[in-house]
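Structure first, then comments.
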Amino acid sequence: MNYVAAEVPAALAPTASAASPADTRSLNDWLMRMHQASTNRSYVGTFVVSAGGNMSSAKIWHVCEGPQQVERVEILTGAPRSIFRHNDQVVTFMPDHKVARSEKRESLGLFPELFQSADSRIGDFYKFRHEGIERVAGVDADLIMLIPRDSLRFGYRVWSERRNGLVVKLQTLDTDGRVIEQAAFSELQLDAPVSMNQLIQMMGKVQGYRLEKPVLVKTTASAEGWTLKAPVAGFNPMSCYKRPASSAGDGPLQWIFSDGLASVSIFVEPFDRQRHIRESSLSLGATQTLTRQLGAYWITLVGEVPAATLQAFASGLERKK
C-alpha cells in the first residue's frame with residue numbers, strides 16, 4: 001500500500017527564489033529530511049494508491065514519542081485488514097479469517113518511507129531538481145524531481161511538506177518519463193493528537209483470533225550458498241532472511257537489495273513441479289515480478305525497478321555449492 005494522487009498535476013511554475021534554503025539543499029539533504037519526517041512526525045491521514053489501473057485506499061495513524069514509534073493502518077478497500085506496528089513488532093489482523101499474524105519487521109513498507117539506505121553514493125545514480133511549490137492535502141510542499149542517471153531505475157516526482165519534509169505525494173516515472181504509479185494523501189492532519197498507549201492496547205487485543213507467529217531467521221546469501229557474480233550498479237545488499245524448514249521442505253530465502261530509493265527482493269525456494277509451472281514476468285504499476293527456474297531452485301524477483309534490472313539480477317545469481 002502507498003498513498004496516491006487521483007490525477008496528474010499541471011506543470012508548476014518555479015516559485016522558490018534562487019536564494020531559498022530549498023535550492024541550497026543537496027540530494028542527500030532532501031532524502032534525509034524526508035526520511036526523518038516520516039518517522040518523527042505524528043499525523044493522521046487518508047491515502048490512496050493507484051497503479052496499473054487499480055486503486056486502493058487506507059487510513060493511517062502515526063505517533064512517535066522519543067525513540068518509540070507506533071502506527072495503525074486500516075485498509076479501506078478489498079478484504080478488511082488492520083495493521084499495527086510498535087517499533088519492529090508488527091501485528092496484522094484479518095477479521096474475515098479470524099487470524100492475527102505477529103512478526104518482527106523494520107517497517108510496514110508504507111509510503112512515505114522513501115528512503116531505505118543511507119548510501120552517500122546515491123548521487124551517482126540520481127540527480128535532482130527543485131521545480132517549485134504546490135499545495136497538497138492542505139499543506140504547501142516543495143516539488144522535487146529525482147532523475148535516474150541510467151536505465152536501471154525509475155524516476156520520481158516527490159512533493160515534500162515545506163515545514164518539516166514529510167512526503168505528501170509521490171509519482172513514479174518509467175524510463176520514458178511517464179507516470180506509472182501515483183500516491184498521495186487525500187486528507188492529512190499533521191501533529192495530530194494520537195494516543196500511543198491506546199494504539200498499543202488495540203494492537204494487543206488478539207482474543208478471538210488465531211495467532212500466527214511466522215519466524216524469520218537472519219542469515220546471509222553466502223551462508224546459504226548463493227552469490228551475485230555480477231553486481232547491479234548502485235544496488236547494495238541490505239538484509240537476508242530465511243524461513244525455517246517445515247514438513248513441506250526448506251523454507252524460502254529472501255535477499256533484499258536497495259539503491260536508497262528502490263528495492264529488489266530475490267526469493268529462492270526448492271523447485272516444485274506442481275506449483276512452479278512456467279516462468280513468467282508481470283508488471284503492476286512500478287512493481288515488476290520475474291520468475292524463473294535455476295537448476296533445482298525456483299527464483300522469484302520482485303522490485304520497483306524496470307524489468308531489465310530484474311533480468312540483470314536474475315542473470316547474475318549463481319549457486320555456490
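Naming scheme: A, B, ... for chains in displayed order of the C-alpha cells; residues 1 onward per chain; ligands 1 onward as shown.
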Original post:
Which polymer residues have any atom within 10 Å of an atom of A:Arg292, counting only C-alpha atoms, with same-chain residues fewer than 6 positions away left out, as a PyMOL selection string?
Top reply: chain A and resi 271+276-281+298-301+314
Original post:
Neighbours of A:Asp191 within 12 Å (only C-alpha atoms; same-chain residues fewer than 2 positions away dropped), as a PyMOL selection string?
Top reply: chain A and resi 37-38+40-45+61-65+164+166+188-189+193-195
Next, write the just-selected residues to a file, as a CSV table (one decimal), in the first residue's frame, keeping N, CA, C and O atoms as the atom set.
```
chain,number,residue,atom,x,y,z
A,37,ALA,N,11.3,13.0,8.6
A,37,ALA,CA,9.9,13.5,8.8
A,37,ALA,C,8.9,12.3,8.9
A,37,ALA,O,7.9,12.3,9.6
A,38,SER,N,9.2,11.3,8.1
A,38,SER,CA,8.3,10.1,8.0
A,38,SER,C,8.3,9.3,9.3
A,38,SER,O,7.3,8.6,9.6
A,40,ASN,N,9.5,10.8,12.5
A,40,ASN,CA,9.5,11.7,13.6
A,40,ASN,C,8.2,12.5,13.8
A,40,ASN,O,8.0,13.1,14.8
A,41,ARG,N,7.4,12.6,12.8
A,41,ARG,CA,6.1,13.4,12.8
A,41,ARG,C,5.0,12.5,13.3
A,41,ARG,O,4.9,11.3,12.9
A,42,SER,N,4.1,13.0,14.1
A,42,SER,CA,2.8,12.4,14.4
A,42,SER,C,1.8,12.9,13.4
A,42,SER,O,1.7,14.2,13.2
A,43,TYR,N,1.0,12.1,12.8
A,43,TYR,CA,0.0,12.5,11.9
A,43,TYR,C,-1.1,11.5,11.7
A,43,TYR,O,-1.0,10.3,12.1
A,44,VAL,N,-2.3,11.9,11.2
A,44,VAL,CA,-3.4,11.1,10.8
A,44,VAL,C,-3.7,11.4,9.4
A,44,VAL,O,-3.8,12.6,9.0
A,45,GLY,N,-3.8,10.4,8.5
A,45,GLY,CA,-4.1,10.8,7.1
A,45,GLY,C,-4.9,9.7,6.4
A,45,GLY,O,-4.8,8.5,6.8
A,61,TRP,N,-2.6,6.1,11.1
A,61,TRP,CA,-2.3,6.9,12.3
A,61,TRP,C,-0.9,6.6,12.6
A,61,TRP,O,-0.4,5.5,12.7
A,62,HIS,N,-0.1,7.7,12.8
A,62,HIS,CA,1.3,7.5,13.1
A,62,HIS,C,1.7,8.4,14.3
A,62,HIS,O,1.3,9.6,14.3
A,63,VAL,N,2.3,7.8,15.4
A,63,VAL,CA,2.7,8.6,16.5
A,63,VAL,C,4.1,8.2,17.0
A,63,VAL,O,4.5,7.1,16.8
A,64,CYS,N,4.8,9.2,17.4
A,64,CYS,CA,6.2,8.9,17.9
A,64,CYS,C,6.4,9.7,19.2
A,64,CYS,O,5.9,10.8,19.4
A,65,GLU,N,7.1,9.1,20.2
A,65,GLU,CA,7.5,9.7,21.4
A,65,GLU,C,8.9,9.2,21.7
A,65,GLU,O,9.1,8.1,22.1
A,164,ASN,N,8.5,20.6,7.4
A,164,ASN,CA,9.3,19.5,8.1
A,164,ASN,C,9.7,18.4,7.1
A,164,ASN,O,10.5,17.6,7.5
A,166,LEU,N,7.8,16.0,5.4
A,166,LEU,CA,7.0,14.8,5.1
A,166,LEU,C,6.6,14.7,3.7
A,166,LEU,O,6.1,15.7,3.1
A,188,LEU,N,-5.0,15.0,5.4
A,188,LEU,CA,-3.8,14.9,6.3
A,188,LEU,C,-4.0,15.9,7.5
A,188,LEU,O,-4.3,17.1,7.3
A,189,GLN,N,-3.7,15.4,8.7
A,189,GLN,CA,-3.7,16.2,9.9
A,189,GLN,C,-2.3,16.0,10.5
A,189,GLN,O,-2.0,15.0,11.1
A,193,PRO,N,-3.3,14.7,17.6
A,193,PRO,CA,-3.2,14.1,19.0
A,193,PRO,C,-3.6,12.7,19.0
A,193,PRO,O,-4.7,12.2,19.4
A,194,VAL,N,-2.6,11.8,18.6
A,194,VAL,CA,-2.8,10.4,18.6
A,194,VAL,C,-2.3,9.8,19.9
A,194,VAL,O,-1.2,10.1,20.3
A,195,SER,N,-3.0,8.9,20.5
A,195,SER,CA,-2.6,8.3,21.8
A,195,SER,C,-1.8,7.0,21.5
A,195,SER,O,-2.3,6.0,21.0
```
Subject >> Residue contacts of A:Arg153 (12 Å, only C-alpha atoms) excluding same-chain residues fewer than 3 positions away, as number ranges by chain >> reply: A: 122, 125-126, 146-150, 156, 172-177, 232-235, 258-264, 286-288, 303-310, 312
Original post:
Excluding same-chain residues fewer than 4 positions from A:Asn54, what lies within 9 Å of it counting only C-alpha atoms, as a PyMOL selection string?
Top reply: chain A and resi 49-50+284-285
Serialized selection, C-alpha atoms, as a PDB file, in the first residue's frame:
```
ATOM      1  CA  VAL A  49      -2.644   4.408  -4.266  1.00  0.00           C
ATOM      2  CA  SER A  50      -3.188   3.967  -7.983  1.00  0.00           C
ATOM      3  CA  LEU A 284       1.757  -3.735 -11.934  1.00  0.00           C
ATOM      4  CA  GLY A 285       2.443  -0.026 -11.738  1.00  0.00           C
TER       5      GLY A 285
END
```
Original post:
Mind checking DSSP for stretch 148-285 of chain A and telling me the strand (DSSP E or B) residues as an MDAnalysis selection string?
Top reply: chainID A and resid 148 155:161 167:173 179:190 210:212 217:218 226:228 236:242 246 249 253:258 263:270 280:284
Residues from the last selection, C-alpha atoms, saved as a PDB file, in the first residue's frame:
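Saved as result_25.pdb:
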```
ATOM      1  CA  PRO A 148      17.897   8.458 -12.720  1.00  0.00           C
ATOM      2  CA  GLY A 155      12.469   8.373 -11.685  1.00  0.00           C
ATOM      3  CA  TYR A 156      10.347  10.075  -9.034  1.00  0.00           C
ATOM      4  CA  ARG A 157       8.353  13.260  -8.668  1.00  0.00           C
ATOM      5  CA  VAL A 158       8.075  13.988  -4.934  1.00  0.00           C
ATOM      6  CA  TRP A 159       6.071  16.579  -3.014  1.00  0.00           C
ATOM      7  CA  SER A 160       7.708  17.263   0.380  1.00  0.00           C
ATOM      8  CA  GLU A 161       5.857  19.342   3.004  1.00  0.00           C
ATOM      9  CA  VAL A 167       6.323  13.357   1.705  1.00  0.00           C
ATOM     10  CA  VAL A 168       2.688  14.126   0.920  1.00  0.00           C
ATOM     11  CA  LYS A 169       2.598  12.997  -2.706  1.00  0.00           C
ATOM     12  CA  LEU A 170       4.705  10.749  -4.919  1.00  0.00           C
ATOM     13  CA  GLN A 171       4.729   9.791  -8.579  1.00  0.00           C
ATOM     14  CA  THR A 172       6.916   7.037 -10.046  1.00  0.00           C
ATOM     15  CA  LEU A 173       8.044   7.630 -13.630  1.00  0.00           C
ATOM     16  CA  VAL A 179       3.674   8.263 -14.639  1.00  0.00           C
ATOM     17  CA  ILE A 180       3.199   4.558 -13.837  1.00  0.00           C
ATOM     18  CA  GLU A 181       2.202   4.896 -10.181  1.00  0.00           C
ATOM     19  CA  GLN A 182       0.785   7.761  -8.140  1.00  0.00           C
ATOM     20  CA  ALA A 183       0.382   8.126  -4.399  1.00  0.00           C
ATOM     21  CA  ALA A 184      -0.783  10.980  -2.170  1.00  0.00           C
ATOM     22  CA  PHE A 185      -2.598  11.944   0.986  1.00  0.00           C
ATOM     23  CA  SER A 186      -6.144  12.975   0.191  1.00  0.00           C
ATOM     24  CA  GLU A 187      -6.559  14.151   3.783  1.00  0.00           C
ATOM     25  CA  LEU A 188      -3.837  14.927   6.300  1.00  0.00           C
ATOM     26  CA  GLN A 189      -3.671  16.218   9.875  1.00  0.00           C
ATOM     27  CA  LEU A 190      -0.106  16.941  10.958  1.00  0.00           C
ATOM     28  CA  ARG A 210      -5.883 -17.472  15.808  1.00  0.00           C
ATOM     29  CA  LEU A 211      -2.440 -16.028  16.492  1.00  0.00           C
ATOM     30  CA  GLU A 212       0.264 -16.908  13.971  1.00  0.00           C
ATOM     31  CA  VAL A 217      15.923 -16.282  10.608  1.00  0.00           C
ATOM     32  CA  LYS A 218      18.551 -13.676   9.764  1.00  0.00           C
ATOM     33  CA  TRP A 226      24.248 -18.040  -3.148  1.00  0.00           C
ATOM     34  CA  THR A 227      26.205 -15.221  -4.736  1.00  0.00           C
ATOM     35  CA  LEU A 228      25.617 -12.422  -7.223  1.00  0.00           C
ATOM     36  CA  ASN A 236      23.625  -2.877  -2.273  1.00  0.00           C
ATOM     37  CA  PRO A 237      22.580  -5.944  -0.243  1.00  0.00           C
ATOM     38  CA  MET A 238      20.558  -4.767   2.765  1.00  0.00           C
ATOM     39  CA  SER A 239      19.453  -7.960   4.531  1.00  0.00           C
ATOM     40  CA  CYS A 240      18.808 -11.665   4.026  1.00  0.00           C
ATOM     41  CA  TYR A 241      16.226 -13.834   5.787  1.00  0.00           C
ATOM     42  CA  LYS A 242      15.134 -17.439   5.699  1.00  0.00           C
ATOM     43  CA  SER A 246       8.843 -27.224   7.500  1.00  0.00           C
ATOM     44  CA  GLY A 249      10.710 -28.736   2.743  1.00  0.00           C
ATOM     45  CA  LEU A 253      15.195 -17.359   1.302  1.00  0.00           C
ATOM     46  CA  GLN A 254      14.690 -13.602   0.795  1.00  0.00           C
ATOM     47  CA  TRP A 255      17.688 -11.477  -0.218  1.00  0.00           C
ATOM     48  CA  ILE A 256      16.983  -7.721  -0.272  1.00  0.00           C
ATOM     49  CA  PHE A 257      18.855  -5.024  -2.230  1.00  0.00           C
ATOM     50  CA  SER A 258      18.369  -1.246  -2.338  1.00  0.00           C
ATOM     51  CA  SER A 263      14.406  -2.060  -3.620  1.00  0.00           C
ATOM     52  CA  VAL A 264      14.670  -5.531  -5.148  1.00  0.00           C
ATOM     53  CA  SER A 265      13.927  -8.820  -3.361  1.00  0.00           C
ATOM     54  CA  ILE A 266      15.208 -12.178  -4.570  1.00  0.00           C
ATOM     55  CA  PHE A 267      13.227 -15.163  -3.239  1.00  0.00           C
ATOM     56  CA  VAL A 268      14.777 -18.615  -3.548  1.00  0.00           C
ATOM     57  CA  GLU A 269      12.965 -21.895  -2.814  1.00  0.00           C
ATOM     58  CA  PRO A 270      13.264 -25.527  -3.931  1.00  0.00           C
ATOM     59  CA  SER A 280       6.788 -15.508 -16.175  1.00  0.00           C
ATOM     60  CA  SER A 281       7.093 -11.745 -15.858  1.00  0.00           C
ATOM     61  CA  LEU A 282       4.442  -9.386 -14.506  1.00  0.00           C
ATOM     62  CA  SER A 283       4.113  -5.612 -14.271  1.00  0.00           C
ATOM     63  CA  LEU A 284       1.757  -3.735 -11.934  1.00  0.00           C
TER      64      LEU A 284
END
```
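Near A:Asp142, within 10 Å and counting only C-alpha atoms, sit Pro14, Thr15, Ala16, Ala22, His130, Glu131, Gly132, Ile133, Glu134, Arg135, Val136, Asp140, Ile144, Met145, Val158, Trp159, Ser160, Glu161, Arg162, Arg163, Gly165, Val167 and Val168 of chain A, not including residues fewer than 2 positions from it in the same chain.
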For the residues in the current selection, export N, CA and C atoms as a PDB file, in the first residue's frame.
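So the final result, stored in again_36.pdb, reads:
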```
ATOM      1  N   PRO A  14       8.137  27.595 -11.217  1.00  0.00           N
ATOM      2  CA  PRO A  14       9.084  27.609 -10.099  1.00  0.00           C
ATOM      3  C   PRO A  14       8.895  28.867  -9.273  1.00  0.00           C
ATOM      4  N   THR A  15       8.379  28.718  -8.047  1.00  0.00           N
ATOM      5  CA  THR A  15       8.071  29.883  -7.232  1.00  0.00           C
ATOM      6  C   THR A  15       9.094  30.122  -6.130  1.00  0.00           C
ATOM      7  N   ALA A  16       9.986  29.163  -5.874  1.00  0.00           N
ATOM      8  CA  ALA A  16      11.002  29.367  -4.844  1.00  0.00           C
ATOM      9  C   ALA A  16      12.120  30.244  -5.398  1.00  0.00           C
ATOM     10  N   ALA A  22      15.589  25.806   0.091  1.00  0.00           N
ATOM     11  CA  ALA A  22      15.266  24.645  -0.739  1.00  0.00           C
ATOM     12  C   ALA A  22      16.292  24.457  -1.847  1.00  0.00           C
ATOM     13  N   HIS A 130      14.784  21.020  -8.072  1.00  0.00           N
ATOM     14  CA  HIS A 130      13.668  21.623  -7.344  1.00  0.00           C
ATOM     15  C   HIS A 130      12.808  22.367  -8.351  1.00  0.00           C
ATOM     16  N   GLU A 131      11.516  22.025  -8.433  1.00  0.00           N
ATOM     17  CA  GLU A 131      10.670  22.557  -9.508  1.00  0.00           C
ATOM     18  C   GLU A 131       9.593  23.516  -9.040  1.00  0.00           C
ATOM     19  N   GLY A 132       9.586  23.880  -7.756  1.00  0.00           N
ATOM     20  CA  GLY A 132       8.601  24.848  -7.314  1.00  0.00           C
ATOM     21  C   GLY A 132       7.824  24.381  -6.103  1.00  0.00           C
ATOM     22  N   ILE A 133       6.655  24.977  -5.913  1.00  0.00           N
ATOM     23  CA  ILE A 133       5.839  24.711  -4.736  1.00  0.00           C
ATOM     24  C   ILE A 133       4.405  24.449  -5.174  1.00  0.00           C
ATOM     25  N   GLU A 134       3.765  23.473  -4.537  1.00  0.00           N
ATOM     26  CA  GLU A 134       2.358  23.198  -4.804  1.00  0.00           C
ATOM     27  C   GLU A 134       1.669  22.853  -3.488  1.00  0.00           C
ATOM     28  N   ARG A 135       0.372  23.096  -3.428  1.00  0.00           N
ATOM     29  CA  ARG A 135      -0.403  22.779  -2.230  1.00  0.00           C
ATOM     30  C   ARG A 135      -1.016  21.394  -2.396  1.00  0.00           C
ATOM     31  N   VAL A 136      -0.771  20.501  -1.434  1.00  0.00           N
ATOM     32  CA  VAL A 136      -1.277  19.125  -1.455  1.00  0.00           C
ATOM     33  C   VAL A 136      -1.893  18.819  -0.098  1.00  0.00           C
ATOM     34  N   ASP A 140       1.554  23.326   2.034  1.00  0.00           N
ATOM     35  CA  ASP A 140       2.480  23.711   0.975  1.00  0.00           C
ATOM     36  C   ASP A 140       3.618  22.712   0.905  1.00  0.00           C
ATOM     37  N   ILE A 144      10.055  18.064  -5.928  1.00  0.00           N
ATOM     38  CA  ILE A 144      11.423  17.648  -6.250  1.00  0.00           C
ATOM     39  C   ILE A 144      11.370  16.564  -7.329  1.00  0.00           C
ATOM     40  N   MET A 145      12.154  16.739  -8.375  1.00  0.00           N
ATOM     41  CA  MET A 145      12.324  15.705  -9.393  1.00  0.00           C
ATOM     42  C   MET A 145      13.583  14.906  -9.072  1.00  0.00           C
ATOM     43  N   VAL A 158       8.396  14.059  -6.354  1.00  0.00           N
ATOM     44  CA  VAL A 158       8.075  13.988  -4.934  1.00  0.00           C
ATOM     45  C   VAL A 158       7.645  15.356  -4.416  1.00  0.00           C
ATOM     46  N   TRP A 159       6.535  15.368  -3.690  1.00  0.00           N
ATOM     47  CA  TRP A 159       6.071  16.579  -3.014  1.00  0.00           C
ATOM     48  C   TRP A 159       6.384  16.442  -1.533  1.00  0.00           C
ATOM     49  N   SER A 160       7.230  17.329  -0.995  1.00  0.00           N
ATOM     50  CA  SER A 160       7.708  17.263   0.380  1.00  0.00           C
ATOM     51  C   SER A 160       7.200  18.490   1.148  1.00  0.00           C
ATOM     52  N   GLU A 161       6.438  18.250   2.215  1.00  0.00           N
ATOM     53  CA  GLU A 161       5.857  19.342   3.004  1.00  0.00           C
ATOM     54  C   GLU A 161       6.954  20.317   3.428  1.00  0.00           C
ATOM     55  N   ARG A 162       6.711  21.598   3.192  1.00  0.00           N
ATOM     56  CA  ARG A 162       7.773  22.599   3.300  1.00  0.00           C
ATOM     57  C   ARG A 162       8.331  22.752   4.703  1.00  0.00           C
ATOM     58  N   ARG A 163       7.479  22.638   5.717  1.00  0.00           N
ATOM     59  CA  ARG A 163       7.912  22.954   7.076  1.00  0.00           C
ATOM     60  C   ARG A 163       8.843  21.896   7.631  1.00  0.00           C
ATOM     61  N   GLY A 165       9.214  18.430   5.874  1.00  0.00           N
ATOM     62  CA  GLY A 165       9.747  17.495   4.888  1.00  0.00           C
ATOM     63  C   GLY A 165       8.934  16.243   4.643  1.00  0.00           C
ATOM     64  N   VAL A 167       6.755  13.570   3.087  1.00  0.00           N
ATOM     65  CA  VAL A 167       6.323  13.357   1.705  1.00  0.00           C
ATOM     66  C   VAL A 167       4.800  13.237   1.698  1.00  0.00           C
ATOM     67  N   VAL A 168       4.149  14.122   0.961  1.00  0.00           N
ATOM     68  CA  VAL A 168       2.688  14.126   0.920  1.00  0.00           C
ATOM     69  C   VAL A 168       2.143  13.628  -0.414  1.00  0.00           C
TER      70      VAL A 168
END
```
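Using only C-alpha atoms, the nearest neighbour of A:Ser315 within the list A:Pro214, A:Lys229, A:Leu76, A:Phe154 is A:Lys229.
In this structure, atom CA of A:Ser82 sits 6.9 Å away from atom CA of A:Met94.
In this comparison, which uses only C-alpha atoms, the residue of A:Gln36, A:Arg25, A:Val215, A:Lys205 approaching A:Pro244 most closely is A:Val215.
When atom CA of A:Gln68 is paired with atom CA of A:Ile200, their separation reads 11.1 Å.
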